[in-house]
Amino acid sequence: MNGCYGRKIGTISAVNPSVTSVGSASVEGAEPLEASLLAAIGSLAPSGDGESLSDPVFDAQQRSALFEAQVVSRLLDQGARKLRAEGHGYYTIGSAGHESNAIVALASRPTDPALLHYRSGGFYVARANQIPGSDPVDDIGAGFLALVSEPIAGGRHKVFGRRDLAVIPQTSTIASHLPRAVGVAFAITRASRMDMTIDWEPDSVVICSFGDGSLNHSTAQGALNTASWIRAQGLKLPIVFVCEDNGIGLSVPTPNTWVESSASGRPGIAYRQVDGTDPESVYTESSALIEEARTNGVPGFLHLRTARFLGHAGSDVESAYRKPAAIRSDYQRDPILATAALMVSAGDVTGPELVERYQEQADRIYARLRSMVGEPELDDPAQIMAPLAPHHPKRVRVEARRLASPPPNSASAGRTLAQAINATLDRALTVDETTFVFGEDVGRKGGVYGVTRGLQRKHGQLRVFDSLLDEQAILGIALGLGVSGLVPIPEIQYLAYLHNAEDQIRGEAASLQFFSKRQFRNPLVMRVASYAYQRGFGGHFHNDNSVAVLRDIPGIVIASPSRPEDAAAQLRTCIAAASVDGAVCAFLEPIALYHTTDLYNKGDQAWLGINEQDHVGIGEPRIYSPMPVLGRRKPDLTIATWGNGLYLSLRAARRLAEHDGISAQIVDLRWLAPLPVKSLMDHATDRILVVDETRRSGGVGEAVVAGLVDNGYDGRIARIAAQDSFVPLGSAAWKVLVSESDIGQSARQLVGTERRNR
């Protein structure tokens, strides 16, 4: 149906290529497209056969609303380019040619959560026009002008989003929002089964749009696979994927049958293909998919064939990779022209009257956009970063204490690290019904290391459940639960596995509050079995000591406990911060210490957690007083460390005290973001040894040293870290990791003999 309308709805006149402008609607850089459209609309005439709309899908009011939404979206695209040509505005990627997506907005409910492709402007305008008080011209115009007044991101980015429109903002151009969309649909059905109230209506359907180019991304393929997998479990998943297929990704053509062959055979997903030049079919097919998803929980895939007008963006010279004749031939596939033909055929209006309506809208919109030029933009770092990571430590402390479990009855009841985490999760699931624990093997098996053992049996499969083996899917489900008002606690089985899905944290979870001015939150506590030092097991996938991928994410909280009692308190704090502040937390659990009981000697049980705190403030370190050394009133040095480094440093410190007469104070940082550098300064001696189990290049120790220097520390600093190597298998691992003897040797070198004997 390339360029053909689904019904005989009108007569389209030939486009006069000599026409370059039509009244005040002319826009520099867009004249050929606009001239073609207005000339064709002006030439429309009813067919006169009396049969074309005998059974209309739209009524006259709906046809008029559709035309208005599509025209407003097109004029905003052209307005963005015109202002950019005049030196105003920052964003010119538009929706021209994709405006048939407005029909999907009319087929869905205004309360259905939508996660939109950056070319879904028609959908946004049509959705906004259904909500009193919304003005899509102001919203979108302020977005591409980066104005503070923009209602969702406040000038931080041009996105489609508004809380009252149930449009969740997305900045993705590579389909990274699809796993979250699947997660939102999962949250809707899970909350319904549990009779829980979340942010969406119980019978909502998620609308998720993306481009044909994005379909090739592994994230999109993974999300579709997840939807199929969930359906294969017999579960409902009310979502409709809308692939807006314009046949070209940037400058690379999409094979004509590629989207159909990739998507139509997905098990459990209903597929329908429709051409954007047939508005009635678009409405009929999208309505059918939405109804099937709403009623029976069957995910749908709407393959919406569109055109792409005006190139990829304002800076794109489309003629460099497309022939002018091919560009002009697409003008016949204009969805606005198709809607106009439908209206004229129905007798709603004449072609010239529609041209006049278009021009009136153009005058109104361009005048409004020009009036917005010069309005305030963000100009202060604190203002820019304000939504990034809100902190209410007093409220977090209160919530953490509510989550606290009763302490062990006696010293003999001390817990290992794994037991402390298990007990904390158990208590959170008991006290807070919004919490969910899930991931690979966490349910029936209780995790690879038994950390979640017994939780599913006690709290049920709806609260503690196994996921498919895909980290993007795990985090996508978590993001969907979080943005829906729940508190997900997903597990990533090994730190190395996180690298497969890191953008779900960086690009989606951590950015949501920033790009929505906190109107949407994505609370998340991601538990990760982390670090190296496992014995009898290994290789770089199971012994990974790289956390750099997390540490450069703005606003994220990274907890790295070592001791069981710290793990319990820090995990409570993270869950509380997620609940109170919408915090995105990474909770890094040292695998090698999960079941450790002894510290100095076999059987001493000095590593068991006994005296647990209710709460540890984010960014608060733990200070270990030095071993007593005869004649030493002050420690000779401070050791700053965390994770496995704490275990090794405590052992090394005892040996230094007993054999070398060196008194070492230890600061367990406990938090890798935000790093407690100022607290370290408060407890620093004039010599600091940083013990870093991550890598020398890009490891955490670099930031610790830089932070000390930035804060004016003028003592001596030494740093030991793991080698810049993947962790090998077997005994070779110990050749590239920090050892207890390394710590002792570095401490002796830093202190020096003359210092020791003073």
# chains A, B, ... in the order shown; residues from 1 in each chain; ligands from 1
$ residues_around --residues "A:Arg364" --least-positions-apart "4" --cutoff "12 Å" --atoms "only C-alpha atoms" --output "ChimeraX atom specification"
/A:24-25,72,75-76,79,137-138,357-360,368-371
$ residues_around --residues "A:Asp77" --least-positions-apart "5" --cutoff "8 Å" --atoms "only C-alpha atoms" --output "list in words"
Thr92, Ile93, Gly94, Ser95 and Ala96 of chain A
$ write_last_selection --atoms "C-alpha atoms" --output "mmCIF file, in the first residue's frame"
data_model
loop_
_atom_site.group_PDB
_atom_site.id
_atom_site.type_symbol
_atom_site.label_atom_id
_atom_site.label_comp_id
_atom_site.auth_asym_id
_atom_site.auth_seq_id
_atom_site.Cartn_x
_atom_site.Cartn_y
_atom_site.Cartn_z
ATOM 1 C CA THR A 92 15.474 19.694 14.969
ATOM 2 C CA ILE A 93 14.808 15.960 14.852
ATOM 3 C CA GLY A 94 11.136 15.888 13.960
ATOM 4 C CA SER A 95 8.135 13.676 13.344
ATOM 5 C CA ALA A 96 7.301 14.763 9.792
#
$ residues_around --residues "A:Glu280" --least-positions-apart "2" --cutoff "9 Å" --atoms "only C-alpha atoms" --output "list in words"
Gly6, Arg7, Pro56, Val57, Phe58, Ile103, Asp278, Val282, Tyr283, Thr284, Glu285 and Leu342 of chain A
$ write_last_selection --atoms "C-alpha atoms" --output "mmCIF file, in the first residue's frame"
data_model
loop_
_atom_site.group_PDB
_atom_site.id
_atom_site.type_symbol
_atom_site.label_atom_id
_atom_site.label_comp_id
_atom_site.auth_asym_id
_atom_site.auth_seq_id
_atom_site.Cartn_x
_atom_site.Cartn_y
_atom_site.Cartn_z
ATOM 1 C CA GLY A 6 -7.139 2.048 1.865
ATOM 2 C CA ARG A 7 -10.436 3.295 0.486
ATOM 3 C CA PRO A 56 -17.011 5.285 8.765
ATOM 4 C CA VAL A 57 -14.466 4.363 11.440
ATOM 5 C CA PHE A 58 -14.086 7.959 12.600
ATOM 6 C CA ILE A 103 -4.176 7.730 15.445
ATOM 7 C CA ASP A 278 -4.790 4.599 5.462
ATOM 8 C CA VAL A 282 -4.464 2.351 11.319
ATOM 9 C CA TYR A 283 -7.254 3.058 13.786
ATOM 10 C CA THR A 284 -8.934 -0.319 13.271
ATOM 11 C CA GLU A 285 -5.752 -2.365 13.636
ATOM 12 C CA LEU A 342 -10.778 11.282 4.316
#
$ residues_around --residues "A:Thr111" --least-positions-apart "6" --cutoff "9 Å" --atoms "only C-alpha atoms" --output "ChimeraX atom specification"
/A:164-167,200-201,204-205
$ select_by_dssp --residues "stretch 378-500 of chain A" --states "helix (DSSP H, G or I)" --output "VMD selection string"
chain A and resid 381 to 385 393 to 403 411 to 413 417 to 431 455 to 459 471 to 483 495 to 498
$ atom_distance --atom1 "atom CA of A:Ala382" --atom2 "atom CA of A:Ser484"
28.1 Å
$ atom_distance --atom1 "atom CA of A:Ala568" --atom2 "atom CA of A:Pro390"
22.9 Å
$ atom_distance --atom1 "atom CA of A:Arg518" --atom2 "atom CA of A:Val547"
26.6 Å
$ residues_around --residues "A:Ala307" --least-positions-apart "4" --cutoff "10 Å" --atoms "only C-alpha atoms" --output "MDAnalysis selection string"
chainID A and resid 2:3 95:100 244:248 275:277 327 330:335
$ residues_around --residues "A:Thr257" --least-positions-apart "6" --cutoff "12 Å" --atoms "only C-alpha atoms" --output "number ranges by chain"
A: 212, 245, 247, 263-264, 273, 303, 305
$ write_last_selection --atoms "C-alpha atoms" --output "mmCIF file, in the first residue's frame"
data_model
loop_
_atom_site.group_PDB
_atom_site.id
_atom_site.type_symbol
_atom_site.label_atom_id
_atom_site.label_comp_id
_atom_site.auth_asym_id
_atom_site.auth_seq_id
_atom_site.Cartn_x
_atom_site.Cartn_y
_atom_site.Cartn_z
ATOM 1 C CA ASP A 212 12.669 0.575 12.298
ATOM 2 C CA ASP A 245 8.870 2.073 9.915
ATOM 3 C CA GLY A 247 12.300 2.583 5.684
ATOM 4 C CA ALA A 263 8.625 -9.222 14.189
ATOM 5 C CA SER A 264 5.752 -11.168 12.669
ATOM 6 C CA GLN A 273 1.016 -4.294 9.562
ATOM 7 C CA HIS A 303 4.029 -2.348 12.209
ATOM 8 C CA ARG A 305 4.595 2.042 7.689
#
$ closest_residue --among "A:Ser625, A:Ser262, A:Gln504, A:Gln419" --to "A:Glu565" --atoms "only C-alpha atoms"
A:Gln419
$ residues_around --residues "stretch 656-671 of chain A" --least-positions-apart "3" --cutoff "9 Å" --atoms "only C-alpha atoms" --output "ChimeraX atom specification"
/A:557-562,566,570,618-630,632,634-643,645-646,649-653,674-677,679-680,683-685,744,747-748,751,756-757
$ closest_residue --among "A:Gly712, A:Gly603, A:Ser511, A:Ala733" --to "A:Gly539" --atoms "only C-alpha atoms"
A:Ala733
$ closest_residue --among "A:Ala223, A:Val373, A:Met526, A:Leu37" --to "A:Arg74" --atoms "only C-alpha atoms"
A:Leu37
$ closest_residue --among "A:Tyr118, A:Tyr321, A:Tyr124, A:Phe587" --to "A:Ser214" --atoms "only C-alpha atoms"
A:Tyr118
$ closest_residue --among "A:Ala428, A:Leu388, A:Leu403, A:Ala40" --to "A:Gly582" --atoms "only C-alpha atoms"
A:Leu388
$ closest_residue --among "A:Trp258, A:Tyr90, A:Phe67, A:Phe186" --to "A:Val125" --atoms "only C-alpha atoms"
A:Phe67
$ select_by_dssp --residues "stretch 392-629 of chain A" --states "strand (DSSP E or B)" --output "PyMOL selection string"
chain A and resi 415+435-439+464-466+487-492+524-531+544+557-559+584-590+609+622-624
$ write_last_selection --atoms "C-alpha atoms" --output "tab-separated table (two decimals), in the first residue's frame"
chain	number	residue	atom	x	y	z
A	415	ARG	CA	25.23	-13.80	60.94
A	435	THR	CA	9.15	-4.53	47.56
A	436	PHE	CA	9.95	-7.29	45.07
A	437	VAL	CA	13.01	-9.54	44.90
A	438	PHE	CA	13.83	-11.24	41.61
A	439	GLY	CA	16.55	-12.29	39.20
A	464	VAL	CA	10.10	-13.34	44.95
A	465	PHE	CA	10.50	-14.78	41.48
A	466	ASP	CA	12.93	-16.10	38.91
A	487	VAL	CA	10.38	-0.82	44.99
A	488	PRO	CA	12.24	-3.45	42.95
A	489	ILE	CA	15.28	-5.27	44.37
A	490	PRO	CA	16.68	-7.17	41.36
A	491	GLU	CA	19.75	-9.35	41.56
A	492	ILE	CA	22.48	-9.40	38.93
A	524	LEU	CA	15.85	0.69	42.42
A	525	VAL	CA	18.13	-1.39	44.63
A	526	MET	CA	20.23	-3.52	42.33
A	527	ARG	CA	22.04	-6.26	44.24
A	528	VAL	CA	25.17	-7.50	42.48
A	529	ALA	CA	27.38	-10.41	43.47
A	530	SER	CA	30.70	-8.65	43.05
A	531	TYR	CA	34.46	-8.58	43.04
A	544	ASP	CA	35.24	-9.21	38.12
A	557	VAL	CA	24.27	5.48	45.07
A	558	ILE	CA	26.84	2.68	45.30
A	559	ALA	CA	27.02	0.70	48.53
A	584	VAL	CA	18.91	4.34	42.16
A	585	CYS	CA	21.21	2.16	44.26
A	586	ALA	CA	23.81	-0.42	43.31
A	587	PHE	CA	24.52	-2.78	46.21
A	588	LEU	CA	27.82	-4.56	45.61
A	589	GLU	CA	28.19	-7.75	47.65
A	590	PRO	CA	31.67	-9.32	47.89
A	609	GLY	CA	27.80	-9.82	62.31
A	622	ARG	CA	33.29	3.09	59.40
A	623	ILE	CA	36.40	3.73	61.45
A	624	TYR	CA	38.48	0.92	62.95
